[in-house]
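One structure below.
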Amino acid sequence: MMDRYSAPQGPLTGIRVIEFAAIGPAPFCAMLLSDMGADVVRIDRTLQDAFPDPVTNRGRAAVHLDLKSDAGRAAALDAIALADVLIEGYRPGAMERLGLGPDAALARNPRLIYGRMTGWGQTGPLADRAGHDINYIAITGALEEIGEAGGRPIPPLNLVGDFGGGALYLAFGIAAALVERERSGKGQVIDAAIVDGTASLLSMVSGTGSSGFPTGRGINGLGGGWPSYRTYRCKDGRYMAVGALEEQFWSALADALGLTDEEKKRRPADAQALIARMEAIFLTATQAQWSERLADIDGCVTPVLSLAEAPAHPHNRQRATYRTLDGIDHPQPAPRLSRTPGVIQGPAPRRGEGGAERLRAWGVTLP
């Protein structure tokens, strides 16, 4: 077990972040900033955590403020005045109704980077509607591409929308705005909409589709339509992932599987026949046996592991991809910087834990 707390380090050391408690992409973005050294204080509106998450809530302090009271709003504005970044994940207009919207915040702190995380964005006919990851990726075309041919669309957890199209784009926008602030001396507002980010994530699929690359559920080559890029069930019910797109990798894998020269054609006229042939081959051995047999083959094939198994994989273990903290496996900060690497600063705080002390250290007077 490693120490619970680490001194902040990374390229964002010294950057102060105010996070208004939410769920999903907003706290994940705050975790990313904390991992890279930012000093993050979360403002909790209640003392009850409706969605506790010991991983994405890690590495910051928390303080409880009654934002509907004059004293609570004043304390929040005092903290904002001393912060570099603000993150909020409420529906459009919620922060304005609290008196903490961009106009009020930037009036107190013109250098503030005000990050707004929503699903639909600050404008548009759906801006005021509720939604979740599955809804956002549905209207961008992403969900239609995922799943087996003839089957229903399969939501890929909430990775594509909340975290890929949402949190990562907000973090990128914050980083870009911090760089621009060095030139202008001015802050700005970031409208990070999951629909916008997801559409951006689909750039390659959209681009290759316009060039004749097959798209559609179960047809898209990267969605399982090609025999050389899909998962195969093994004798024990576990799966192997095959990603042998390029000819040299496909040739190496095909040889190891004993395919004929005709079967080695990566995209034959009857792809389904080759898929069926490969399914039959993989069913002859267990996942562990296939992993051993193909270990030395440069054919882009790996076992499909569970979340519990992933930290023990030799590659992940050698790179220390995970860190155990309070009995929980945490993914380490990513990406890895050569000179100013990030670090997990500590476990997730309980509601209202440690934030008052942190804000007082900033110079904020609390009620």
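Naming works like this for the structure tokens: A, B, ... for the chains as they're shown, residue 1 at the start of each chain, ligands 1 onward in shown order.
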Problem - Residue contacts of Gln287 of chain A (10 Å, only C-alpha atoms) excluding same-chain residues fewer than 4 positions away, as a PyMOL selection string - result: chain A and resi 232-240+282-283+291-293+302-305
Would you write out those residues with all heavy atoms, as a compact mmCIF listing (two decimals), in the first residue's frame?
```
# COMPACT_ATOMS: atom_id res chain seq x y z
N TYR A 232 -13.45 -12.73 -30.50
CA TYR A 232 -13.79 -14.12 -30.75
C TYR A 232 -13.89 -14.88 -29.43
O TYR A 232 -13.02 -14.74 -28.56
CB TYR A 232 -12.74 -14.78 -31.66
CG TYR A 232 -12.79 -14.25 -33.07
CD1 TYR A 232 -11.96 -13.19 -33.47
CD2 TYR A 232 -13.67 -14.78 -34.01
CE1 TYR A 232 -12.01 -12.70 -34.76
CE2 TYR A 232 -13.73 -14.29 -35.30
CZ TYR A 232 -12.91 -13.25 -35.67
OH TYR A 232 -12.97 -12.75 -36.96
N ARG A 233 -14.95 -15.66 -29.32
CA ARG A 233 -15.18 -16.43 -28.10
C ARG A 233 -14.30 -17.66 -28.08
O ARG A 233 -14.07 -18.31 -29.10
CB ARG A 233 -16.64 -16.85 -28.01
CG ARG A 233 -17.03 -17.47 -26.68
CD ARG A 233 -18.51 -17.79 -26.63
NE ARG A 233 -18.89 -18.30 -25.31
CZ ARG A 233 -20.11 -18.70 -25.00
NH1 ARG A 233 -21.07 -18.65 -25.92
NH2 ARG A 233 -20.38 -19.14 -23.79
N CYS A 234 -13.80 -17.97 -26.86
CA CYS A 234 -12.92 -19.13 -26.69
C CYS A 234 -13.69 -20.29 -26.04
O CYS A 234 -14.86 -20.16 -25.69
CB CYS A 234 -11.71 -18.75 -25.82
SG CYS A 234 -10.77 -17.36 -26.47
N LYS A 235 -13.01 -21.39 -25.90
CA LYS A 235 -13.62 -22.62 -25.38
C LYS A 235 -14.21 -22.43 -24.00
O LYS A 235 -15.22 -23.05 -23.64
CB LYS A 235 -12.57 -23.74 -25.38
CG LYS A 235 -13.09 -25.11 -25.00
CD LYS A 235 -11.97 -26.14 -25.11
CE LYS A 235 -12.47 -27.54 -24.76
NZ LYS A 235 -11.37 -28.54 -24.89
N ASP A 236 -13.58 -21.57 -23.18
CA ASP A 236 -14.04 -21.36 -21.80
C ASP A 236 -15.03 -20.21 -21.66
O ASP A 236 -15.37 -19.79 -20.55
CB ASP A 236 -12.84 -21.13 -20.89
CG ASP A 236 -11.99 -19.95 -21.33
OD1 ASP A 236 -12.24 -19.40 -22.43
OD2 ASP A 236 -11.07 -19.57 -20.58
N GLY A 237 -15.49 -19.66 -22.78
CA GLY A 237 -16.45 -18.57 -22.72
C GLY A 237 -15.81 -17.20 -22.64
O GLY A 237 -16.53 -16.19 -22.70
N ARG A 238 -14.49 -17.14 -22.48
CA ARG A 238 -13.78 -15.86 -22.49
C ARG A 238 -13.53 -15.45 -23.94
O ARG A 238 -13.80 -16.22 -24.86
CB ARG A 238 -12.45 -15.98 -21.74
CG ARG A 238 -12.55 -16.49 -20.31
CD ARG A 238 -13.35 -15.57 -19.39
NE ARG A 238 -12.81 -14.23 -19.32
CZ ARG A 238 -11.80 -13.87 -18.52
NH1 ARG A 238 -11.21 -14.76 -17.73
NH2 ARG A 238 -11.38 -12.63 -18.50
N TYR A 239 -12.97 -14.25 -24.13
CA TYR A 239 -12.81 -13.73 -25.48
C TYR A 239 -11.38 -13.29 -25.76
O TYR A 239 -10.63 -12.92 -24.84
CB TYR A 239 -13.76 -12.55 -25.71
CG TYR A 239 -15.20 -12.96 -25.87
CD1 TYR A 239 -16.01 -13.20 -24.75
CD2 TYR A 239 -15.76 -13.11 -27.13
CE1 TYR A 239 -17.33 -13.59 -24.90
CE2 TYR A 239 -17.09 -13.49 -27.28
CZ TYR A 239 -17.87 -13.73 -26.17
OH TYR A 239 -19.17 -14.12 -26.31
N MET A 240 -11.03 -13.31 -27.04
CA MET A 240 -9.79 -12.72 -27.54
C MET A 240 -10.15 -11.56 -28.45
O MET A 240 -11.13 -11.62 -29.20
CB MET A 240 -8.96 -13.75 -28.31
CG MET A 240 -8.49 -14.93 -27.47
SD MET A 240 -7.32 -14.49 -26.15
CE MET A 240 -5.86 -14.05 -27.11
N PHE A 282 -11.21 -20.37 -32.75
CA PHE A 282 -10.99 -19.87 -31.39
C PHE A 282 -11.74 -20.70 -30.35
O PHE A 282 -11.33 -20.77 -29.19
CB PHE A 282 -11.38 -18.40 -31.29
CG PHE A 282 -10.29 -17.45 -31.73
CD1 PHE A 282 -10.32 -16.84 -32.97
CD2 PHE A 282 -9.22 -17.18 -30.89
CE1 PHE A 282 -9.32 -15.97 -33.38
CE2 PHE A 282 -8.20 -16.31 -31.27
CZ PHE A 282 -8.25 -15.71 -32.52
N LEU A 283 -12.82 -21.34 -30.75
CA LEU A 283 -13.57 -22.18 -29.82
C LEU A 283 -12.85 -23.48 -29.46
O LEU A 283 -13.31 -24.21 -28.58
CB LEU A 283 -14.95 -22.50 -30.40
CG LEU A 283 -16.00 -21.39 -30.29
CD1 LEU A 283 -17.24 -21.77 -31.09
CD2 LEU A 283 -16.35 -21.12 -28.83
N SER A 291 -3.80 -17.14 -25.41
CA SER A 291 -2.86 -16.10 -25.00
C SER A 291 -1.43 -16.63 -25.02
O SER A 291 -0.50 -15.93 -25.44
CB SER A 291 -3.22 -15.59 -23.60
OG SER A 291 -4.49 -14.98 -23.59
N GLU A 292 -1.25 -17.86 -24.57
CA GLU A 292 0.08 -18.47 -24.57
C GLU A 292 0.54 -18.79 -25.99
O GLU A 292 1.69 -18.52 -26.35
CB GLU A 292 0.06 -19.73 -23.72
CG GLU A 292 1.43 -20.41 -23.60
CD GLU A 292 1.40 -21.63 -22.70
OE1 GLU A 292 0.34 -21.93 -22.11
OE2 GLU A 292 2.46 -22.29 -22.58
N ARG A 293 -0.34 -19.36 -26.80
CA ARG A 293 0.03 -19.73 -28.16
C ARG A 293 0.40 -18.52 -29.02
O ARG A 293 1.29 -18.60 -29.87
CB ARG A 293 -1.13 -20.47 -28.84
CG ARG A 293 -1.45 -21.85 -28.26
CD ARG A 293 -2.62 -22.45 -29.01
NE ARG A 293 -3.11 -23.66 -28.35
CZ ARG A 293 -4.15 -24.37 -28.80
NH1 ARG A 293 -4.80 -23.97 -29.89
NH2 ARG A 293 -4.54 -25.45 -28.15
N THR A 302 -5.02 -9.92 -28.31
CA THR A 302 -4.87 -9.85 -26.86
C THR A 302 -6.10 -10.44 -26.18
O THR A 302 -7.19 -10.48 -26.76
CB THR A 302 -4.73 -8.39 -26.38
OG1 THR A 302 -5.80 -7.62 -26.96
CG2 THR A 302 -3.39 -7.79 -26.81
N PRO A 303 -5.95 -10.90 -24.94
CA PRO A 303 -7.12 -11.38 -24.21
C PRO A 303 -8.01 -10.22 -23.78
O PRO A 303 -7.54 -9.12 -23.51
CB PRO A 303 -6.51 -12.09 -23.00
CG PRO A 303 -5.20 -11.39 -22.78
CD PRO A 303 -4.71 -11.04 -24.15
N VAL A 304 -9.31 -10.47 -23.73
CA VAL A 304 -10.26 -9.49 -23.20
C VAL A 304 -10.35 -9.71 -21.70
O VAL A 304 -10.90 -10.71 -21.24
CB VAL A 304 -11.65 -9.65 -23.86
CG1 VAL A 304 -12.64 -8.65 -23.25
CG2 VAL A 304 -11.55 -9.44 -25.37
N LEU A 305 -9.80 -8.78 -20.94
CA LEU A 305 -9.73 -8.93 -19.49
C LEU A 305 -10.85 -8.19 -18.78
O LEU A 305 -11.42 -7.23 -19.31
CB LEU A 305 -8.38 -8.40 -18.98
CG LEU A 305 -7.12 -9.05 -19.57
CD1 LEU A 305 -5.88 -8.42 -18.96
CD2 LEU A 305 -7.13 -10.55 -19.35
```
Give me the segment 6-75 of chain A side of the contact with segment 332-346 of chain A, cut-off 10 Å, one line per residue showing its nearest atom pair and distance in Å at one decimal, counting only C-alpha atoms, sorted by chain and residue number, as a tab-separated table.
```
residue	atom	partner	partner_atom	distance
A:Ser6	CA	A:Gln345	CA	4.7
A:Ala7	CA	A:Gln345	CA	6.2
A:Pro8	CA	A:Gln345	CA	5.8
A:Gln9	CA	A:Gly342	CA	5.5
A:Gly10	CA	A:Gly342	CA	4.3
A:Pro11	CA	A:Thr340	CA	5.6
A:Leu12	CA	A:Gly342	CA	8.7
A:Thr13	CA	A:Gly342	CA	9.1
A:Met31	CA	A:Ile344	CA	8.8
A:Leu32	CA	A:Pro333	CA	7.3
A:Leu33	CA	A:Gly342	CA	9.2
A:Ser34	CA	A:Gln345	CA	7.1
A:Asp35	CA	A:Val343	CA	5.2
A:Met36	CA	A:Gly342	CA	4.3
A:Gly37	CA	A:Gly342	CA	6.1
A:Ala38	CA	A:Gln345	CA	9.5
A:Asp39	CA	A:Gln345	CA	9.4
A:Val55	CA	A:Gly346	CA	9.9
A:Asn57	CA	A:Gly346	CA	9.7
A:Arg58	CA	A:Gly346	CA	6.0
A:Gly59	CA	A:Gly346	CA	4.5
A:Arg60	CA	A:Gly346	CA	7.3
A:Ala61	CA	A:Gly346	CA	9.4
```
Please dump the current selection as a short mmCIF file (atom, residue, chain, number, x, y, z; two decimals), in the first residue's frame; keep all heavy atoms.
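Everything below was put into part.cif:
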```
data_model
loop_
_atom_site.label_atom_id
_atom_site.label_comp_id
_atom_site.auth_asym_id
_atom_site.auth_seq_id
_atom_site.Cartn_x
_atom_site.Cartn_y
_atom_site.Cartn_z
N SER A 6 0.09 12.50 -1.53
CA SER A 6 1.34 12.86 -2.20
C SER A 6 1.34 14.37 -2.43
O SER A 6 0.28 14.98 -2.64
CB SER A 6 1.47 12.14 -3.54
OG SER A 6 1.47 10.75 -3.37
N ALA A 7 2.51 14.97 -2.40
CA ALA A 7 2.62 16.39 -2.70
C ALA A 7 2.28 16.61 -4.17
O ALA A 7 2.62 15.79 -5.02
CB ALA A 7 4.04 16.88 -2.41
N PRO A 8 1.57 17.69 -4.48
CA PRO A 8 1.22 17.94 -5.88
C PRO A 8 2.45 18.09 -6.75
O PRO A 8 3.46 18.67 -6.32
CB PRO A 8 0.40 19.23 -5.84
CG PRO A 8 0.80 19.89 -4.56
CD PRO A 8 1.10 18.77 -3.61
N GLN A 9 2.39 17.54 -7.93
CA GLN A 9 3.47 17.73 -8.90
C GLN A 9 2.87 17.61 -10.29
O GLN A 9 1.81 17.03 -10.48
CB GLN A 9 4.57 16.69 -8.71
CG GLN A 9 4.14 15.25 -8.99
CD GLN A 9 5.28 14.26 -8.82
OE1 GLN A 9 5.96 14.25 -7.81
NE2 GLN A 9 5.50 13.44 -9.83
N GLY A 10 3.54 18.18 -11.26
CA GLY A 10 3.04 18.15 -12.62
C GLY A 10 2.99 19.54 -13.22
O GLY A 10 3.24 20.54 -12.54
N PRO A 11 2.63 19.63 -14.49
CA PRO A 11 2.66 20.93 -15.18
C PRO A 11 1.64 21.93 -14.68
O PRO A 11 1.78 23.13 -14.94
CB PRO A 11 2.37 20.53 -16.64
CG PRO A 11 1.60 19.26 -16.54
CD PRO A 11 2.19 18.53 -15.37
N LEU A 12 0.61 21.50 -13.95
CA LEU A 12 -0.41 22.42 -13.46
C LEU A 12 -0.22 22.77 -11.98
O LEU A 12 -1.12 23.38 -11.39
CB LEU A 12 -1.81 21.82 -13.66
CG LEU A 12 -2.23 21.57 -15.11
CD1 LEU A 12 -3.64 21.01 -15.17
CD2 LEU A 12 -2.12 22.85 -15.94
N THR A 13 0.93 22.43 -11.41
CA THR A 13 1.19 22.78 -10.02
C THR A 13 1.09 24.30 -9.84
O THR A 13 1.68 25.06 -10.61
CB THR A 13 2.58 22.30 -9.59
OG1 THR A 13 2.62 20.87 -9.71
CG2 THR A 13 2.88 22.68 -8.16
N MET A 31 -10.49 15.58 -11.81
CA MET A 31 -9.49 14.57 -11.46
C MET A 31 -8.27 14.68 -12.37
O MET A 31 -7.12 14.61 -11.92
CB MET A 31 -10.09 13.16 -11.58
CG MET A 31 -9.15 12.04 -11.15
SD MET A 31 -9.57 10.42 -11.87
CE MET A 31 -8.78 10.59 -13.51
N LEU A 32 -8.51 14.86 -13.67
CA LEU A 32 -7.40 14.99 -14.62
C LEU A 32 -6.52 16.19 -14.27
O LEU A 32 -5.29 16.11 -14.32
CB LEU A 32 -7.94 15.13 -16.04
CG LEU A 32 -8.71 13.94 -16.61
CD1 LEU A 32 -9.26 14.28 -17.99
CD2 LEU A 32 -7.82 12.70 -16.69
N LEU A 33 -7.16 17.30 -13.92
CA LEU A 33 -6.39 18.50 -13.56
C LEU A 33 -5.61 18.28 -12.28
O LEU A 33 -4.44 18.68 -12.16
CB LEU A 33 -7.32 19.69 -13.43
CG LEU A 33 -8.16 20.07 -14.67
CD1 LEU A 33 -8.98 21.31 -14.37
CD2 LEU A 33 -7.28 20.30 -15.89
N SER A 34 -6.26 17.64 -11.29
CA SER A 34 -5.57 17.34 -10.04
C SER A 34 -4.37 16.42 -10.27
O SER A 34 -3.30 16.63 -9.70
CB SER A 34 -6.55 16.69 -9.06
OG SER A 34 -5.88 16.18 -7.92
N ASP A 35 -4.57 15.40 -11.09
CA ASP A 35 -3.47 14.47 -11.37
C ASP A 35 -2.26 15.18 -11.96
O ASP A 35 -1.13 14.73 -11.80
CB ASP A 35 -3.94 13.39 -12.35
CG ASP A 35 -4.82 12.34 -11.70
OD1 ASP A 35 -4.96 12.36 -10.46
OD2 ASP A 35 -5.34 11.48 -12.44
N MET A 36 -2.50 16.28 -12.66
CA MET A 36 -1.41 17.03 -13.27
C MET A 36 -0.93 18.17 -12.38
O MET A 36 -0.20 19.05 -12.82
CB MET A 36 -1.83 17.57 -14.64
CG MET A 36 -1.96 16.49 -15.68
SD MET A 36 -0.37 15.65 -15.98
CE MET A 36 -0.92 14.14 -16.77
N GLY A 37 -1.34 18.15 -11.09
CA GLY A 37 -0.77 19.07 -10.12
C GLY A 37 -1.65 20.19 -9.65
O GLY A 37 -1.28 20.93 -8.73
N ALA A 38 -2.84 20.37 -10.24
CA ALA A 38 -3.69 21.49 -9.86
C ALA A 38 -4.20 21.33 -8.43
O ALA A 38 -4.39 20.22 -7.93
CB ALA A 38 -4.87 21.61 -10.82
N ASP A 39 -4.42 22.45 -7.79
CA ASP A 39 -4.98 22.50 -6.43
C ASP A 39 -6.49 22.64 -6.58
O ASP A 39 -7.00 23.73 -6.88
CB ASP A 39 -4.37 23.71 -5.70
CG ASP A 39 -4.84 23.82 -4.26
OD1 ASP A 39 -5.61 22.95 -3.81
OD2 ASP A 39 -4.42 24.78 -3.58
N VAL A 55 -12.65 6.99 -7.16
CA VAL A 55 -11.58 7.19 -8.15
C VAL A 55 -11.67 8.57 -8.77
O VAL A 55 -10.75 9.38 -8.65
CB VAL A 55 -11.62 6.09 -9.23
CG1 VAL A 55 -10.53 6.35 -10.28
CG2 VAL A 55 -11.40 4.72 -8.60
N ASN A 57 -13.28 11.10 -7.89
CA ASN A 57 -13.31 12.18 -6.89
C ASN A 57 -12.00 12.34 -6.12
O ASN A 57 -11.93 13.11 -5.17
CB ASN A 57 -14.44 11.93 -5.89
CG ASN A 57 -15.80 12.24 -6.48
OD1 ASN A 57 -15.92 13.05 -7.39
ND2 ASN A 57 -16.83 11.58 -5.98
N ARG A 58 -10.98 11.64 -6.55
CA ARG A 58 -9.71 11.66 -5.81
C ARG A 58 -8.97 12.99 -5.98
O ARG A 58 -9.27 13.81 -6.85
CB ARG A 58 -8.80 10.54 -6.33
CG ARG A 58 -8.19 10.79 -7.71
CD ARG A 58 -7.55 9.55 -8.27
NE ARG A 58 -6.82 9.80 -9.52
CZ ARG A 58 -6.43 8.85 -10.35
NH1 ARG A 58 -6.69 7.57 -10.09
NH2 ARG A 58 -5.76 9.16 -11.45
N GLY A 59 -8.01 13.20 -5.08
CA GLY A 59 -7.03 14.26 -5.30
C GLY A 59 -7.49 15.68 -5.11
O GLY A 59 -6.89 16.60 -5.65
N ARG A 60 -8.57 15.91 -4.35
CA ARG A 60 -8.97 17.28 -4.07
C ARG A 60 -9.54 17.37 -2.66
O ARG A 60 -9.81 16.35 -2.02
CB ARG A 60 -9.99 17.81 -5.08
CG ARG A 60 -11.39 17.22 -4.96
CD ARG A 60 -11.57 16.05 -5.83
NE ARG A 60 -12.39 16.32 -7.00
CZ ARG A 60 -12.43 15.51 -8.05
NH1 ARG A 60 -11.71 14.42 -8.07
NH2 ARG A 60 -13.19 15.77 -9.08
N ALA A 61 -9.72 18.61 -2.20
CA ALA A 61 -10.39 18.86 -0.93
C ALA A 61 -11.83 19.26 -1.23
O ALA A 61 -12.19 19.56 -2.38
CB ALA A 61 -9.68 19.96 -0.17
#
```
Practice task
To one decimal in Å, tell me the separation between atom CA of Leu201 of chain A and atom CA of Gly164 of chain A.
Solution key: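 Going from atom CA of Leu201 of chain A over to atom CA of Gly164 of chain A, I get 7.6 Å.
Atom CA of Ala30 of chain A lies 9.7 Å from atom CA of Leu170 of chain A.
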Problem - Which of segment 45-159 of chain A DSSP labels strand (DSSP E or B), written as a ChimeraX atom specification - result: /A:61-64,85-88,113-118
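Remark: for Leu157 of chain A, the closest of the candidate residues A:Asp133, A:Glu180, A:Asp196, A:Glu262 is A:Asp133 (distances computed over only C-alpha atoms).
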Problem - Selection near Ala107 of chain A, 12 Å with only C-alpha atoms, sequence-local residues under 3 positions removed, as a ChimeraX atom specification - result: /A:77-78,80-81,99-104,110-112,114,186-188
Practice task
Would you please extract all helix (DSSP H, G or I) residues from segment 18-255 of chain A, as assigned by DSSP on the backbone, and give them as a PyMOL selection string?
Solution key: chain A and resi 25-35+70-81+94-97+102-108+133-138+143-145+159-184+194-201+203-210+221-223+247-255
Quick one: everything within 6 Å of segment 244-257 of chain A, counting only C-alpha atoms, minus sequence neighbours fewer than 4 positions away in the same chain. Send it as a PDB file with C-alpha atoms, in the first residue's frame.
```
ATOM      1  CA  SER A 228      -9.508  -9.015 -38.767  1.00  0.00           C
ATOM      2  CA  GLY A 299      -0.572 -10.138 -34.875  1.00  0.00           C
ATOM      3  CA  CYS A 300      -2.409  -7.590 -32.724  1.00  0.00           C
TER       4      CYS A 300
END
```
Exercise for the section: Find the residue from A:Asp261, A:Asp70, A:Phe213, A:Gly355 that sits nearest to Val17 of chain A; use only C-alpha atoms when measuring. Expected result: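 That would be A:Gly355, the residue with the smallest distance to Val17 of chain A.
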Problem - Contacts of Leu366 of chain A within 10 Å, only C-alpha atoms, excl. fewer than 6 positions in-chain, as a ChimeraX atom specification - result: /A:63,65,71-72,74-76,78-79,356-357,359-360
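Compared by their closest atoms to Arg152 of chain A, and using only C-alpha atoms, the residues A:Glu263, A:Gly224, A:Arg351, A:Arg217 rank with A:Arg217 nearest.
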Name the residues in contact with Arg323 of chain A at a cut-off of 8 Å, using only C-alpha atoms, excluding same-chain residues fewer than 3 positions from it; report them as a PDB file with N, CA, C and O atoms, in the first residue's frame.
```pdb
ATOM      1  N   MET A   2       0.601   2.149  -0.945  1.00  0.00           N
ATOM      2  CA  MET A   2       1.359   3.385  -1.023  1.00  0.00           C
ATOM      3  C   MET A   2       0.748   4.406  -0.070  1.00  0.00           C
ATOM      4  O   MET A   2      -0.351   4.232   0.454  1.00  0.00           O
ATOM      5  N   ALA A 320       3.365   0.044 -14.191  1.00  0.00           N
ATOM      6  CA  ALA A 320       2.674   0.628 -13.034  1.00  0.00           C
ATOM      7  C   ALA A 320       1.503   1.489 -13.501  1.00  0.00           C
ATOM      8  O   ALA A 320       1.318   2.635 -13.075  1.00  0.00           O
ATOM      9  N   ASP A 329      -7.888  -0.110  -6.872  1.00  0.00           N
ATOM     10  CA  ASP A 329      -6.937   0.088  -7.966  1.00  0.00           C
ATOM     11  C   ASP A 329      -7.312   1.352  -8.735  1.00  0.00           C
ATOM     12  O   ASP A 329      -8.378   1.425  -9.357  1.00  0.00           O
ATOM     13  N   HIS A 330      -6.429   2.334  -8.690  1.00  0.00           N
ATOM     14  CA  HIS A 330      -6.628   3.591  -9.403  1.00  0.00           C
ATOM     15  C   HIS A 330      -5.768   3.623 -10.663  1.00  0.00           C
ATOM     16  O   HIS A 330      -4.567   3.343 -10.597  1.00  0.00           O
ATOM     17  N   PRO A 331      -6.333   3.981 -11.806  1.00  0.00           N
ATOM     18  CA  PRO A 331      -5.473   4.257 -12.956  1.00  0.00           C
ATOM     19  C   PRO A 331      -4.555   5.423 -12.635  1.00  0.00           C
ATOM     20  O   PRO A 331      -4.985   6.431 -12.067  1.00  0.00           O
ATOM     21  N   GLN A 332      -3.287   5.277 -12.997  1.00  0.00           N
ATOM     22  CA  GLN A 332      -2.325   6.344 -12.749  1.00  0.00           C
ATOM     23  C   GLN A 332      -2.568   7.535 -13.676  1.00  0.00           C
ATOM     24  O   GLN A 332      -3.221   7.402 -14.720  1.00  0.00           O
TER      25      GLN A 332
END
```
Practice task
Considering only C-alpha atoms, state which residue in the set A:Tyr5, A:Ile154, A:Arg42, A:Ala22 is at the smallest distance from Gly354 of chain A.
Solution key: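 Among A:Tyr5, A:Ile154, A:Arg42, A:Ala22, it is A:Arg42 that comes nearest to Gly354 of chain A.
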